[in-house]
Amino acid sequence: MTDPDLSCTIAGVRFPLCIMNASGALCVTREELEALGRSGAGAIVTKSMTVEFRKGNPEPRYYPFSGGSINSMGLPNLGYQTYAELIPALKAFKKPVIASIAGLCEEDFPEIARAISKAGPDLIEVNLSCPNIPGKPQIGYDFDASERLIRKVRAVVDRPMGVKLPPYFDPAHHAAMADVLKRAPVDFLSLINSVGNALVIDPEKESVVIKPKGGFGGLGGSVIKAVALANVRAFWKAFDGRIPIIGVGGVTSGTDVFEHLLAGASAVQVGTALVEEGTGVFDRLAAELRAVLAKKSYPSSSAVVGRLKEL
Ligand code: DHB
């Protein structure tokens, strides 16, 4: 049998591989973005950008442990004007460029979106779920604010746009956000952002492990995979599979990618595993996914999407 096809198409944009970096992971500087361009990654996703350059929160602000990671980076990034200048060069790598946009207040989003759209990324991912700015709640937990913001951004961009949502833990919240997205449509969903405001403790030192916010931060890695899969599945069902989903959370093996595809993701993003392993992770995951699909006689990753069996 010929090798399984691992490409995918999201909002009309073709990805040579359905595996890419998650925003935040090794994608802040020009050097990091170019390294993603040279790597096996199926796309280049930028760090969430704000209006101004930010140093971010004090260190230590990222801590890996067995099973995952916790971070409170505080949106360190170069500022949107620098990313707007970088995007044309990144497109030379012949894979999609996804610009992730954030903001410290609602008005920042349309300002960034307008300018970044003109720079010509293939897709725009609107981050409604940064948990790490002291005093700023995650927008995705405020359904009215999310709807307002999606409408404002949509009005000023001419690229396909999606939203990166926080994890929800109750079907009522999945339904409320799905209703928002039916009134204010987007072209794709990235699910999920880190599980916000978790606390990891070092019992030996009797201490928190990161400095910002008294040790509270966003949880990523294997420990959040089940939460990510549940959110992918809930939104896949809410839209009858009619909106493309990028699954994010706990991808460390080809089997993890396969599970995200089964739940309804068309592609996946990799955060903690990329930071821990480096950009070689994409080739490893692609090889492992290819082996899983070949063993199960699937011709392609897209043939798996949403095929999860229920009992
Ligand atoms: C940061 C973390 C996030 O999970 C996010 O969505 C955006 C920014 C951060 O701390 O930099």
# chains A, B, ... in the order shown; residues from 1 in each chain; ligands from 1

$ closest_atom_pairs --of "chain A" --to "ligand 1" --cutoff "7 Å" --atoms "only C-alpha atoms and all ligand atoms" --output "CSV"
residue,atom,partner,partner_atom_place_in_ligand_line,distance
A:Gly24,CA,ligand 1,11 (O),6.6
A:Ser48,CA,ligand 1,7 (C),5.9
A:Gly56,CA,ligand 1,11 (O),6.8
A:Asn71,CA,ligand 1,10 (O),6.5
A:Ser72,CA,ligand 1,10 (O),4.4
A:Met73,CA,ligand 1,10 (O),3.5
A:Gly74,CA,ligand 1,10 (O),3.7
A:Leu75,CA,ligand 1,11 (O),3.1
A:Pro76,CA,ligand 1,11 (O),5.7
A:Asn127,CA,ligand 1,6 (O),6.0
A:Ser129,CA,ligand 1,6 (O),5.1
A:Cys130,CA,ligand 1,6 (O),3.5
A:Pro131,CA,ligand 1,4 (O),5.7
A:Asn132,CA,ligand 1,10 (O),4.7
A:Ile133,CA,ligand 1,10 (O),6.9
A:Asn193,CA,ligand 1,4 (O),5.6
A:Ser194,CA,ligand 1,4 (O),5.2
A:Gly218,CA,ligand 1,4 (O),6.0

$ write_last_selection --atoms "C-alpha atoms" --output "PDB file, in the first residue's frame"
ATOM      1  CA  GLY A  24       3.544  29.931  22.049  1.00  0.00           C
ATOM      2  CA  SER A  48       0.179  35.461  20.020  1.00  0.00           C
ATOM      3  CA  GLY A  56       6.539  38.912  29.432  1.00  0.00           C
ATOM      4  CA  ASN A  71       3.619  28.135  32.069  1.00  0.00           C
ATOM      5  CA  SER A  72       2.887  31.727  32.777  1.00  0.00           C
ATOM      6  CA  MET A  73       4.845  33.436  30.024  1.00  0.00           C
ATOM      7  CA  GLY A  74       2.833  36.659  30.033  1.00  0.00           C
ATOM      8  CA  LEU A  75       2.694  37.113  26.260  1.00  0.00           C
ATOM      9  CA  PRO A  76       6.357  37.812  25.481  1.00  0.00           C
ATOM     10  CA  ASN A 127      -6.625  33.914  20.820  1.00  0.00           C
ATOM     11  CA  SER A 129      -7.930  32.272  25.918  1.00  0.00           C
ATOM     12  CA  CYS A 130      -4.669  33.610  27.352  1.00  0.00           C
ATOM     13  CA  PRO A 131      -4.813  32.739  31.064  1.00  0.00           C
ATOM     14  CA  ASN A 132      -1.637  34.459  32.196  1.00  0.00           C
ATOM     15  CA  ILE A 133      -2.079  38.211  32.251  1.00  0.00           C
ATOM     16  CA  ASN A 193      -5.579  26.426  24.968  1.00  0.00           C
ATOM     17  CA  SER A 194      -3.812  25.438  28.153  1.00  0.00           C
ATOM     18  CA  GLY A 218      -1.542  27.219  32.164  1.00  0.00           C
TER      19      GLY A 218
END

$ select_by_dssp --residues "stretch 153-220 of chain A" --states "helix (DSSP H, G or I)" --output "number ranges by chain"
A: 153-154, 171-183, 212-215

$ write_last_selection --atoms "C-alpha atoms" --output "tab-separated table (two decimals), in the first residue's frame"
chain	number	residue	atom	x	y	z
A	153	VAL	CA	-12.22	41.25	14.06
A	154	ARG	CA	-14.23	39.68	11.25
A	171	PRO	CA	-21.90	20.80	28.07
A	172	ALA	CA	-23.81	24.03	28.81
A	173	HIS	CA	-20.64	25.97	28.10
A	174	HIS	CA	-19.92	24.04	24.88
A	175	ALA	CA	-23.49	24.85	23.79
A	176	ALA	CA	-23.19	28.53	24.73
A	177	MET	CA	-19.96	28.96	22.74
A	178	ALA	CA	-21.37	26.97	19.81
A	179	ASP	CA	-24.34	29.37	19.78
A	180	VAL	CA	-21.95	32.34	19.73
A	181	LEU	CA	-20.16	30.77	16.74
A	182	LYS	CA	-23.43	30.13	14.92
A	183	ARG	CA	-24.35	33.84	15.27
A	212	PRO	CA	4.24	34.75	38.22
A	213	LYS	CA	0.82	34.82	39.90
A	214	GLY	CA	1.95	32.93	43.00
A	215	GLY	CA	2.73	29.85	40.89

$ atom_distance --atom1 "atom CA of A:Leu285" --atom2 "atom CA of A:Ile210"
29.0 Å

$ closest_residue --among "A:Leu33, A:Val208, A:Val232, A:Ala198" --to "A:Leu165" --atoms "only C-alpha atoms"
A:Val232

$ residues_around --residues "A:Ser300" --least-positions-apart "3" --cutoff "9 Å" --atoms "only C-alpha atoms" --output "PyMOL selection string"
chain A and resi 3-7+290+293-294+297+303-304

$ write_last_selection --atoms "all heavy atoms" --output "short mmCIF file (atom, residue, chain, number, x, y, z; two decimals), in the first residue's frame"
data_model
loop_
_atom_site.label_atom_id
_atom_site.label_comp_id
_atom_site.auth_asym_id
_atom_site.auth_seq_id
_atom_site.Cartn_x
_atom_site.Cartn_y
_atom_site.Cartn_z
N ASP A 3 2.10 5.03 0.92
CA ASP A 3 2.14 5.73 2.20
C ASP A 3 0.86 6.53 2.43
O ASP A 3 0.38 7.19 1.52
CB ASP A 3 3.33 6.70 2.19
CG ASP A 3 4.46 6.18 3.05
OD1 ASP A 3 4.33 5.08 3.61
OD2 ASP A 3 5.46 6.91 3.16
N PRO A 4 0.31 6.49 3.65
CA PRO A 4 -0.87 7.30 3.93
C PRO A 4 -0.59 8.79 3.71
O PRO A 4 0.50 9.28 4.00
CB PRO A 4 -1.15 7.02 5.40
CG PRO A 4 -0.48 5.72 5.70
CD PRO A 4 0.69 5.64 4.78
N ASP A 5 -1.59 9.49 3.19
CA ASP A 5 -1.49 10.93 2.93
C ASP A 5 -1.79 11.69 4.22
O ASP A 5 -2.88 11.55 4.79
CB ASP A 5 -2.51 11.28 1.84
CG ASP A 5 -2.57 12.77 1.55
OD1 ASP A 5 -1.73 13.52 2.07
OD2 ASP A 5 -3.49 13.17 0.80
N LEU A 6 -0.82 12.49 4.67
CA LEU A 6 -0.99 13.23 5.94
C LEU A 6 -1.28 14.71 5.71
O LEU A 6 -1.17 15.52 6.63
CB LEU A 6 0.26 13.08 6.82
CG LEU A 6 0.71 11.66 7.17
CD1 LEU A 6 1.85 11.71 8.20
CD2 LEU A 6 -0.43 10.81 7.69
N SER A 7 -1.63 15.10 4.51
CA SER A 7 -1.95 16.50 4.26
C SER A 7 -3.39 16.79 4.68
O SER A 7 -4.17 15.87 4.95
CB SER A 7 -1.74 16.83 2.78
OG SER A 7 -2.73 16.17 2.00
N ARG A 290 1.94 7.87 10.39
CA ARG A 290 1.92 7.06 9.16
C ARG A 290 1.85 5.57 9.49
O ARG A 290 1.08 4.82 8.87
CB ARG A 290 3.20 7.35 8.34
CG ARG A 290 2.91 7.83 6.96
CD ARG A 290 4.16 8.15 6.17
NE ARG A 290 4.18 9.56 5.84
CZ ARG A 290 5.05 10.43 6.30
NH1 ARG A 290 6.04 10.04 7.09
NH2 ARG A 290 4.96 11.68 5.96
N LEU A 293 -1.69 4.65 10.73
CA LEU A 293 -2.67 4.64 9.64
C LEU A 293 -2.45 3.43 8.73
O LEU A 293 -3.42 2.77 8.31
CB LEU A 293 -2.60 5.94 8.83
CG LEU A 293 -2.94 7.22 9.60
CD1 LEU A 293 -2.86 8.44 8.66
CD2 LEU A 293 -4.33 7.16 10.23
N ALA A 294 -1.18 3.13 8.43
CA ALA A 294 -0.88 2.00 7.54
C ALA A 294 -1.35 0.69 8.18
O ALA A 294 -1.98 -0.15 7.52
CB ALA A 294 0.62 1.95 7.24
N SER A 297 -4.93 0.39 7.83
CA SER A 297 -5.36 0.49 6.43
C SER A 297 -6.17 1.74 6.13
O SER A 297 -7.08 1.72 5.29
CB SER A 297 -6.18 -0.76 6.03
OG SER A 297 -5.40 -1.92 6.19
N ALA A 303 -9.22 10.67 6.23
CA ALA A 303 -10.24 9.61 6.27
C ALA A 303 -10.63 9.23 7.69
O ALA A 303 -11.63 8.55 7.91
CB ALA A 303 -9.71 8.38 5.53
N VAL A 304 -9.84 9.67 8.67
CA VAL A 304 -10.08 9.30 10.07
C VAL A 304 -10.98 10.32 10.79
O VAL A 304 -11.66 9.99 11.77
CB VAL A 304 -8.73 9.19 10.82
CG1 VAL A 304 -8.94 8.79 12.28
CG2 VAL A 304 -7.78 8.22 10.13
#

$ closest_residue --among "A:Leu308, A:Val227, A:Val45, A:Val257" --to "A:Val126" --atoms "only C-alpha atoms"
A:Val45

$ closest_residue --among "A:Arg14, A:Gly40, A:Ile98, A:Gly306" --to "A:Gly278" --atoms "only C-alpha atoms"
A:Gly40

$ residues_around --residues "stretch 269-277 of chain A" --least-positions-apart "6" --cutoff "6 Å" --atoms "only C-alpha atoms" --output "list of chain:residue names"
A:Ile19, A:Met20, A:Asn21, A:Ala22, A:Ala25, A:Gly221, A:Val248, A:Val251, A:Thr252

$ atom_distance --atom1 "atom CA of A:Ile124" --atom2 "atom CA of A:Asp158"
9.7 Å

$ select_by_dssp --residues "stretch 110-287 of chain A" --states "strand (DSSP E)" --output "mmCIF file with N, CA, C and O atoms, in the first residue's frame"
data_model
loop_
_atom_site.group_PDB
_atom_site.id
_atom_site.type_symbol
_atom_site.label_atom_id
_atom_site.label_comp_id
_atom_site.auth_asym_id
_atom_site.auth_seq_id
_atom_site.Cartn_x
_atom_site.Cartn_y
_atom_site.Cartn_z
ATOM 1 N N LEU A 123 -3.831 32.203 7.401
ATOM 2 C CA LEU A 123 -4.959 32.135 8.334
ATOM 3 C C LEU A 123 -4.647 33.029 9.529
ATOM 4 O O LEU A 123 -3.477 33.277 9.843
ATOM 5 N N ILE A 124 -5.704 33.468 10.200
ATOM 6 C CA ILE A 124 -5.542 34.234 11.440
ATOM 7 C C ILE A 124 -6.225 33.458 12.558
ATOM 8 O O ILE A 124 -7.383 33.047 12.416
ATOM 9 N N GLU A 125 -5.482 33.222 13.650
ATOM 10 C CA GLU A 125 -6.023 32.525 14.820
ATOM 11 C C GLU A 125 -6.190 33.570 15.926
ATOM 12 O O GLU A 125 -5.204 34.141 16.394
ATOM 13 N N VAL A 126 -7.421 33.818 16.299
ATOM 14 C CA VAL A 126 -7.696 34.848 17.310
ATOM 15 C C VAL A 126 -7.713 34.166 18.674
ATOM 16 O O VAL A 126 -8.547 33.286 18.934
ATOM 17 N N ASN A 127 -6.802 34.581 19.519
ATOM 18 C CA ASN A 127 -6.625 33.914 20.820
ATOM 19 C C ASN A 127 -7.607 34.502 21.836
ATOM 20 O O ASN A 127 -7.419 35.615 22.320
ATOM 21 N N MET A 161 -10.324 33.261 9.219
ATOM 22 C CA MET A 161 -9.995 33.426 10.639
ATOM 23 C C MET A 161 -10.678 32.377 11.501
ATOM 24 O O MET A 161 -11.784 31.930 11.229
ATOM 25 N N GLY A 162 -9.975 31.986 12.548
ATOM 26 C CA GLY A 162 -10.528 31.056 13.522
ATOM 27 C C GLY A 162 -10.305 31.583 14.917
ATOM 28 O O GLY A 162 -9.674 32.622 15.096
ATOM 29 N N VAL A 163 -10.837 30.856 15.899
ATOM 30 C CA VAL A 163 -10.618 31.237 17.296
ATOM 31 C C VAL A 163 -9.950 30.097 18.060
ATOM 32 O O VAL A 163 -10.246 28.923 17.827
ATOM 33 N N LYS A 164 -9.036 30.470 18.930
ATOM 34 C CA LYS A 164 -8.417 29.522 19.871
ATOM 35 C C LYS A 164 -9.159 29.669 21.190
ATOM 36 O O LYS A 164 -9.158 30.739 21.808
ATOM 37 N N LEU A 165 -9.816 28.591 21.581
ATOM 38 C CA LEU A 165 -10.711 28.646 22.741
ATOM 39 C C LEU A 165 -10.067 28.001 23.960
ATOM 40 O O LEU A 165 -9.214 27.114 23.830
ATOM 41 N N PHE A 188 -12.493 28.325 11.312
ATOM 42 C CA PHE A 188 -11.950 27.122 11.966
ATOM 43 C C PHE A 188 -11.851 27.366 13.462
ATOM 44 O O PHE A 188 -11.932 28.511 13.927
ATOM 45 N N LEU A 189 -11.678 26.272 14.212
ATOM 46 C CA LEU A 189 -11.507 26.345 15.666
ATOM 47 C C LEU A 189 -10.187 25.685 16.049
ATOM 48 O O LEU A 189 -9.854 24.623 15.509
ATOM 49 N N SER A 190 -9.467 26.281 16.981
ATOM 50 C CA SER A 190 -8.291 25.628 17.573
ATOM 51 C C SER A 190 -8.638 25.326 19.021
ATOM 52 O O SER A 190 -8.911 26.224 19.809
ATOM 53 N N LEU A 191 -8.620 24.026 19.364
ATOM 54 C CA LEU A 191 -9.130 23.557 20.658
ATOM 55 C C LEU A 191 -8.143 22.558 21.251
ATOM 56 O O LEU A 191 -7.948 21.518 20.653
ATOM 57 N N VAL A 195 -4.925 24.544 30.086
ATOM 58 C CA VAL A 195 -5.914 24.518 31.171
ATOM 59 C C VAL A 195 -5.450 25.551 32.196
ATOM 60 O O VAL A 195 -4.441 25.371 32.875
ATOM 61 N N GLY A 196 -6.156 26.650 32.244
ATOM 62 C CA GLY A 196 -5.656 27.842 32.919
ATOM 63 C C GLY A 196 -5.628 27.752 34.432
ATOM 64 O O GLY A 196 -6.443 27.069 35.051
ATOM 65 N N ASN A 197 -4.662 28.458 34.987
ATOM 66 C CA ASN A 197 -4.620 28.673 36.438
ATOM 67 C C ASN A 197 -4.569 27.385 37.250
ATOM 68 O O ASN A 197 -5.278 27.223 38.247
ATOM 69 N N ALA A 198 -3.710 26.495 36.771
ATOM 70 C CA ALA A 198 -3.376 25.286 37.526
ATOM 71 C C ALA A 198 -2.214 25.611 38.475
ATOM 72 O O ALA A 198 -1.592 26.680 38.374
ATOM 73 N N LEU A 199 -1.948 24.682 39.380
ATOM 74 C CA LEU A 199 -0.856 24.892 40.342
ATOM 75 C C LEU A 199 -0.032 23.621 40.456
ATOM 76 O O LEU A 199 -0.555 22.566 40.815
ATOM 77 N N ILE A 201 3.311 21.910 42.276
ATOM 78 C CA ILE A 201 4.088 22.089 43.506
ATOM 79 C C ILE A 201 5.299 21.160 43.507
ATOM 80 O O ILE A 201 5.190 19.996 43.112
ATOM 81 N N ASP A 202 6.437 21.667 43.921
ATOM 82 C CA ASP A 202 7.627 20.839 44.170
ATOM 83 C C ASP A 202 7.643 20.507 45.665
ATOM 84 O O ASP A 202 7.944 21.383 46.491
ATOM 85 N N SER A 207 7.567 24.297 47.420
ATOM 86 C CA SER A 207 7.477 25.560 46.696
ATOM 87 C C SER A 207 6.674 25.413 45.404
ATOM 88 O O SER A 207 6.573 24.324 44.840
ATOM 89 N N VAL A 208 6.144 26.532 44.975
ATOM 90 C CA VAL A 208 5.618 26.599 43.613
ATOM 91 C C VAL A 208 6.794 26.479 42.642
ATOM 92 O O VAL A 208 7.956 26.584 43.057
ATOM 93 N N PHE A 216 0.529 30.060 39.863
ATOM 94 C CA PHE A 216 -0.581 29.621 39.003
ATOM 95 C C PHE A 216 -0.207 29.805 37.527
ATOM 96 O O PHE A 216 0.383 30.821 37.151
ATOM 97 N N GLY A 217 -0.570 28.835 36.696
ATOM 98 C CA GLY A 217 -0.256 28.971 35.276
ATOM 99 C C GLY A 217 -1.039 27.992 34.424
ATOM 100 O O GLY A 217 -1.819 27.178 34.931
ATOM 101 N N GLY A 218 -0.818 28.056 33.123
ATOM 102 C CA GLY A 218 -1.542 27.219 32.164
ATOM 103 C C GLY A 218 -0.896 25.856 32.047
ATOM 104 O O GLY A 218 0.314 25.730 31.850
ATOM 105 N N LEU A 219 -1.706 24.817 32.151
ATOM 106 C CA LEU A 219 -1.236 23.443 32.115
ATOM 107 C C LEU A 219 -1.292 22.931 30.676
ATOM 108 O O LEU A 219 -2.291 23.148 29.969
ATOM 109 N N GLY A 220 -0.225 22.237 30.260
ATOM 110 C CA GLY A 220 -0.201 21.643 28.924
ATOM 111 C C GLY A 220 0.376 20.240 28.992
ATOM 112 O O GLY A 220 0.788 19.779 30.061
ATOM 113 N N ILE A 245 -11.549 21.724 12.682
ATOM 114 C CA ILE A 245 -11.011 21.866 14.033
ATOM 115 C C ILE A 245 -9.533 21.492 14.029
ATOM 116 O O ILE A 245 -9.143 20.473 13.442
ATOM 117 N N ILE A 246 -8.724 22.330 14.668
ATOM 118 C CA ILE A 246 -7.332 21.983 14.932
ATOM 119 C C ILE A 246 -7.265 21.569 16.396
ATOM 120 O O ILE A 246 -7.583 22.359 17.281
ATOM 121 N N GLY A 247 -6.891 20.312 16.642
ATOM 122 C CA GLY A 247 -6.839 19.784 18.004
ATOM 123 C C GLY A 247 -5.511 20.135 18.668
ATOM 124 O O GLY A 247 -4.459 19.984 18.053
ATOM 125 N N VAL A 248 -5.564 20.600 19.874
ATOM 126 C CA VAL A 248 -4.367 20.989 20.616
ATOM 127 C C VAL A 248 -4.486 20.478 22.040
ATOM 128 O O VAL A 248 -5.473 20.751 22.716
ATOM 129 N N ALA A 267 -6.459 18.555 11.975
ATOM 130 C CA ALA A 267 -5.016 18.738 12.153
ATOM 131 C C ALA A 267 -4.763 18.885 13.640
ATOM 132 O O ALA A 267 -5.714 19.023 14.414
ATOM 133 N N VAL A 268 -3.484 18.836 14.020
ATOM 134 C CA VAL A 268 -3.147 19.030 15.433
ATOM 135 C C VAL A 268 -1.998 20.020 15.562
ATOM 136 O O VAL A 268 -1.207 20.224 14.629
ATOM 137 N N GLN A 269 -1.937 20.616 16.735
ATOM 138 C CA GLN A 269 -0.812 21.482 17.096
ATOM 139 C C GLN A 269 -0.103 20.874 18.303
ATOM 140 O O GLN A 269 -0.718 20.209 19.135
ATOM 141 N N VAL A 270 1.201 21.143 18.376
ATOM 142 C CA VAL A 270 2.050 20.528 19.396
ATOM 143 C C VAL A 270 2.756 21.624 20.192
ATOM 144 O O VAL A 270 3.463 22.455 19.606
#

$ residues_around --residues "A:Tyr80" --least-positions-apart "3" --cutoff "10 Å" --atoms "only C-alpha atoms" --output "VMD selection string"
chain A and resid 48 to 53 77 83 to 86 99 to 102 111 to 113 115 to 116

$ write_last_selection --atoms "all heavy atoms" --output "tab-separated table (two decimals), in the first residue's frame"
chain	number	residue	atom	x	y	z
A	48	SER	N	1.25	34.47	19.97
A	48	SER	CA	0.18	35.46	20.02
A	48	SER	C	0.80	36.84	20.17
A	48	SER	O	1.60	37.09	21.06
A	48	SER	CB	-0.74	35.21	21.22
A	48	SER	OG	-1.46	34.01	21.03
A	49	MET	N	0.40	37.74	19.23
A	49	MET	CA	1.02	39.06	19.21
A	49	MET	C	0.11	40.11	19.85
A	49	MET	O	-1.12	40.01	19.79
A	49	MET	CB	1.38	39.45	17.78
A	49	MET	CG	0.22	39.42	16.81
A	49	MET	SD	0.76	39.52	15.09
A	49	MET	CE	1.27	37.83	14.74
A	50	THR	N	0.76	41.07	20.47
A	50	THR	CA	0.05	42.19	21.07
A	50	THR	C	0.40	43.46	20.30
A	50	THR	O	1.21	43.43	19.36
A	50	THR	CB	0.44	42.33	22.55
A	50	THR	OG1	1.86	42.41	22.65
A	50	THR	CG2	-0.05	41.13	23.35
A	51	VAL	N	-0.16	44.60	20.72
A	51	VAL	CA	0.12	45.86	20.01
A	51	VAL	C	1.60	46.22	20.15
A	51	VAL	O	2.27	46.53	19.17
A	51	VAL	CB	-0.77	47.00	20.55
A	51	VAL	CG1	-0.33	48.34	19.96
A	51	VAL	CG2	-2.24	46.73	20.22
A	52	GLU	N	2.10	46.14	21.38
A	52	GLU	CA	3.50	46.52	21.63
A	52	GLU	C	4.35	45.28	21.93
A	52	GLU	O	3.82	44.26	22.38
A	52	GLU	CB	3.59	47.44	22.86
A	52	GLU	CG	2.73	48.70	22.78
A	52	GLU	CD	3.23	49.70	21.76
A	52	GLU	OE1	4.39	49.57	21.29
A	52	GLU	OE2	2.45	50.61	21.42
A	53	PHE	N	5.66	45.40	21.72
A	53	PHE	CA	6.63	44.41	22.19
A	53	PHE	C	6.40	44.18	23.69
A	53	PHE	O	6.13	45.11	24.43
A	53	PHE	CB	8.05	44.96	21.95
A	53	PHE	CG	9.14	44.21	22.69
A	53	PHE	CD1	9.79	43.15	22.09
A	53	PHE	CD2	9.50	44.58	23.98
A	53	PHE	CE1	10.79	42.46	22.77
A	53	PHE	CE2	10.50	43.90	24.67
A	53	PHE	CZ	11.14	42.84	24.06
A	77	ASN	N	6.40	38.85	23.28
A	77	ASN	CA	6.31	38.81	21.80
A	77	ASN	C	6.87	40.11	21.24
A	77	ASN	O	7.09	41.07	21.98
A	77	ASN	CB	4.86	38.57	21.36
A	77	ASN	CG	4.00	39.82	21.43
A	77	ASN	OD1	3.79	40.50	20.43
A	77	ASN	ND2	3.52	40.16	22.63
A	83	TYR	N	5.90	41.32	13.43
A	83	TYR	CA	5.40	40.09	12.78
A	83	TYR	C	4.84	40.39	11.40
A	83	TYR	O	5.01	39.60	10.47
A	83	TYR	CB	4.36	39.39	13.68
A	83	TYR	CG	4.97	38.82	14.93
A	83	TYR	CD1	4.69	39.39	16.18
A	83	TYR	CD2	5.86	37.75	14.88
A	83	TYR	CE1	5.27	38.90	17.34
A	83	TYR	CE2	6.45	37.25	16.04
A	83	TYR	CZ	6.15	37.83	17.27
A	83	TYR	OH	6.74	37.35	18.40
A	84	ALA	N	4.21	41.56	11.25
A	84	ALA	CA	3.69	41.93	9.92
A	84	ALA	C	4.84	42.01	8.91
A	84	ALA	O	4.71	41.59	7.76
A	84	ALA	CB	2.93	43.25	10.00
A	85	GLU	N	5.99	42.52	9.37
A	85	GLU	CA	7.15	42.61	8.47
A	85	GLU	C	7.75	41.24	8.18
A	85	GLU	O	8.31	41.02	7.11
A	85	GLU	CB	8.23	43.51	9.11
A	85	GLU	CG	7.85	44.98	9.11
A	85	GLU	CD	8.71	45.81	10.07
A	85	GLU	OE1	9.80	45.32	10.48
A	85	GLU	OE2	8.29	46.92	10.42
A	86	LEU	N	7.65	40.32	9.14
A	86	LEU	CA	8.26	38.99	8.97
A	86	LEU	C	7.44	38.06	8.08
A	86	LEU	O	8.00	37.17	7.43
A	86	LEU	CB	8.40	38.30	10.34
A	86	LEU	CG	9.55	38.76	11.24
A	86	LEU	CD1	9.46	38.04	12.59
A	86	LEU	CD2	10.87	38.42	10.57
A	99	ALA	N	-1.13	33.52	11.73
A	99	ALA	CA	-0.82	34.60	12.67
A	99	ALA	C	-1.77	34.50	13.85
A	99	ALA	O	-2.99	34.54	13.68
A	99	ALA	CB	-0.98	35.95	11.97
A	100	SER	N	-1.19	34.36	15.05
A	100	SER	CA	-2.01	34.32	16.27
A	100	SER	C	-2.05	35.72	16.85
A	100	SER	O	-1.01	36.35	17.07
A	100	SER	CB	-1.40	33.35	17.29
A	100	SER	OG	-2.06	33.49	18.54
A	101	ILE	N	-3.27	36.20	17.07
A	101	ILE	CA	-3.37	37.56	17.61
A	101	ILE	C	-4.04	37.54	18.99
A	101	ILE	O	-4.95	36.76	19.26
A	101	ILE	CB	-4.10	38.52	16.65
A	101	ILE	CG1	-5.58	38.21	16.55
A	101	ILE	CG2	-3.47	38.47	15.25
A	101	ILE	CD1	-6.33	39.28	15.76
A	102	ALA	N	-3.52	38.41	19.84
A	102	ALA	CA	-4.08	38.54	21.19
A	102	ALA	C	-4.31	40.02	21.44
A	102	ALA	O	-4.30	40.83	20.52
A	102	ALA	CB	-3.13	37.94	22.22
A	111	GLU	N	-7.31	46.34	15.88
A	111	GLU	CA	-6.13	47.09	15.41
A	111	GLU	C	-5.08	46.12	14.86
A	111	GLU	O	-4.55	46.29	13.76
A	111	GLU	CB	-5.53	47.92	16.56
A	111	GLU	CG	-4.21	48.58	16.14
A	111	GLU	CD	-3.52	49.36	17.26
A	111	GLU	OE1	-4.17	49.67	18.28
A	111	GLU	OE2	-2.32	49.68	17.09
A	112	ILE	N	-4.80	45.07	15.65
A	112	ILE	CA	-3.79	44.09	15.22
A	112	ILE	C	-4.30	43.32	13.99
A	112	ILE	O	-3.56	43.11	13.02
A	112	ILE	CB	-3.48	43.10	16.36
A	112	ILE	CG1	-2.94	43.86	17.58
A	112	ILE	CG2	-2.51	42.02	15.90
A	112	ILE	CD1	-2.87	43.02	18.85
A	113	ALA	N	-5.56	42.93	14.05
A	113	ALA	CA	-6.12	42.09	12.97
A	113	ALA	C	-6.07	42.81	11.63
A	113	ALA	O	-5.72	42.20	10.60
A	113	ALA	CB	-7.56	41.71	13.32
A	115	ALA	N	-4.05	45.18	10.55
A	115	ALA	CA	-2.68	45.29	10.02
A	115	ALA	C	-2.12	43.93	9.63
A	115	ALA	O	-1.46	43.79	8.60
A	115	ALA	CB	-1.78	45.95	11.07
A	116	ILE	N	-2.39	42.92	10.43
A	116	ILE	CA	-1.78	41.62	10.17
A	116	ILE	C	-2.45	40.96	8.95
A	116	ILE	O	-1.80	40.27	8.16
A	116	ILE	CB	-1.81	40.71	11.42
A	116	ILE	CG1	-0.56	39.85	11.49
A	116	ILE	CG2	-3.05	39.81	11.48
A	116	ILE	CD1	0.70	40.58	11.78

$ decode --residues "stretch 48-54 of chain A" --atoms "N, CA, C and O atoms" --output "PDB file, in the first residue's frame"
ATOM      1  N   SER A  48       1.255  34.465  19.971  1.00  0.00           N
ATOM      2  CA  SER A  48       0.179  35.461  20.020  1.00  0.00           C
ATOM      3  C   SER A  48       0.799  36.845  20.165  1.00  0.00           C
ATOM      4  O   SER A  48       1.605  37.085  21.057  1.00  0.00           O
ATOM      5  N   MET A  49       0.397  37.736  19.228  1.00  0.00           N
ATOM      6  CA  MET A  49       1.020  39.062  19.208  1.00  0.00           C
ATOM      7  C   MET A  49       0.105  40.106  19.845  1.00  0.00           C
ATOM      8  O   MET A  49      -1.117  40.014  19.786  1.00  0.00           O
ATOM      9  N   THR A  50       0.762  41.072  20.466  1.00  0.00           N
ATOM     10  CA  THR A  50       0.048  42.191  21.071  1.00  0.00           C
ATOM     11  C   THR A  50       0.403  43.464  20.304  1.00  0.00           C
ATOM     12  O   THR A  50       1.212  43.429  19.362  1.00  0.00           O
ATOM     13  N   VAL A  51      -0.159  44.603  20.717  1.00  0.00           N
ATOM     14  CA  VAL A  51       0.119  45.861  20.013  1.00  0.00           C
ATOM     15  C   VAL A  51       1.601  46.218  20.147  1.00  0.00           C
ATOM     16  O   VAL A  51       2.274  46.530  19.165  1.00  0.00           O
ATOM     17  N   GLU A  52       2.105  46.138  21.380  1.00  0.00           N
ATOM     18  CA  GLU A  52       3.501  46.518  21.632  1.00  0.00           C
ATOM     19  C   GLU A  52       4.347  45.280  21.929  1.00  0.00           C
ATOM     20  O   GLU A  52       3.823  44.259  22.383  1.00  0.00           O
ATOM     21  N   PHE A  53       5.655  45.405  21.722  1.00  0.00           N
ATOM     22  CA  PHE A  53       6.629  44.413  22.188  1.00  0.00           C
ATOM     23  C   PHE A  53       6.401  44.175  23.686  1.00  0.00           C
ATOM     24  O   PHE A  53       6.129  45.115  24.430  1.00  0.00           O
ATOM     25  N   ARG A  54       6.507  42.907  24.129  1.00  0.00           N
ATOM     26  CA  ARG A  54       6.418  42.605  25.565  1.00  0.00           C
ATOM     27  C   ARG A  54       7.540  41.659  25.978  1.00  0.00           C
ATOM     28  O   ARG A  54       7.807  40.673  25.283  1.00  0.00           O
TER      29      ARG A  54
END
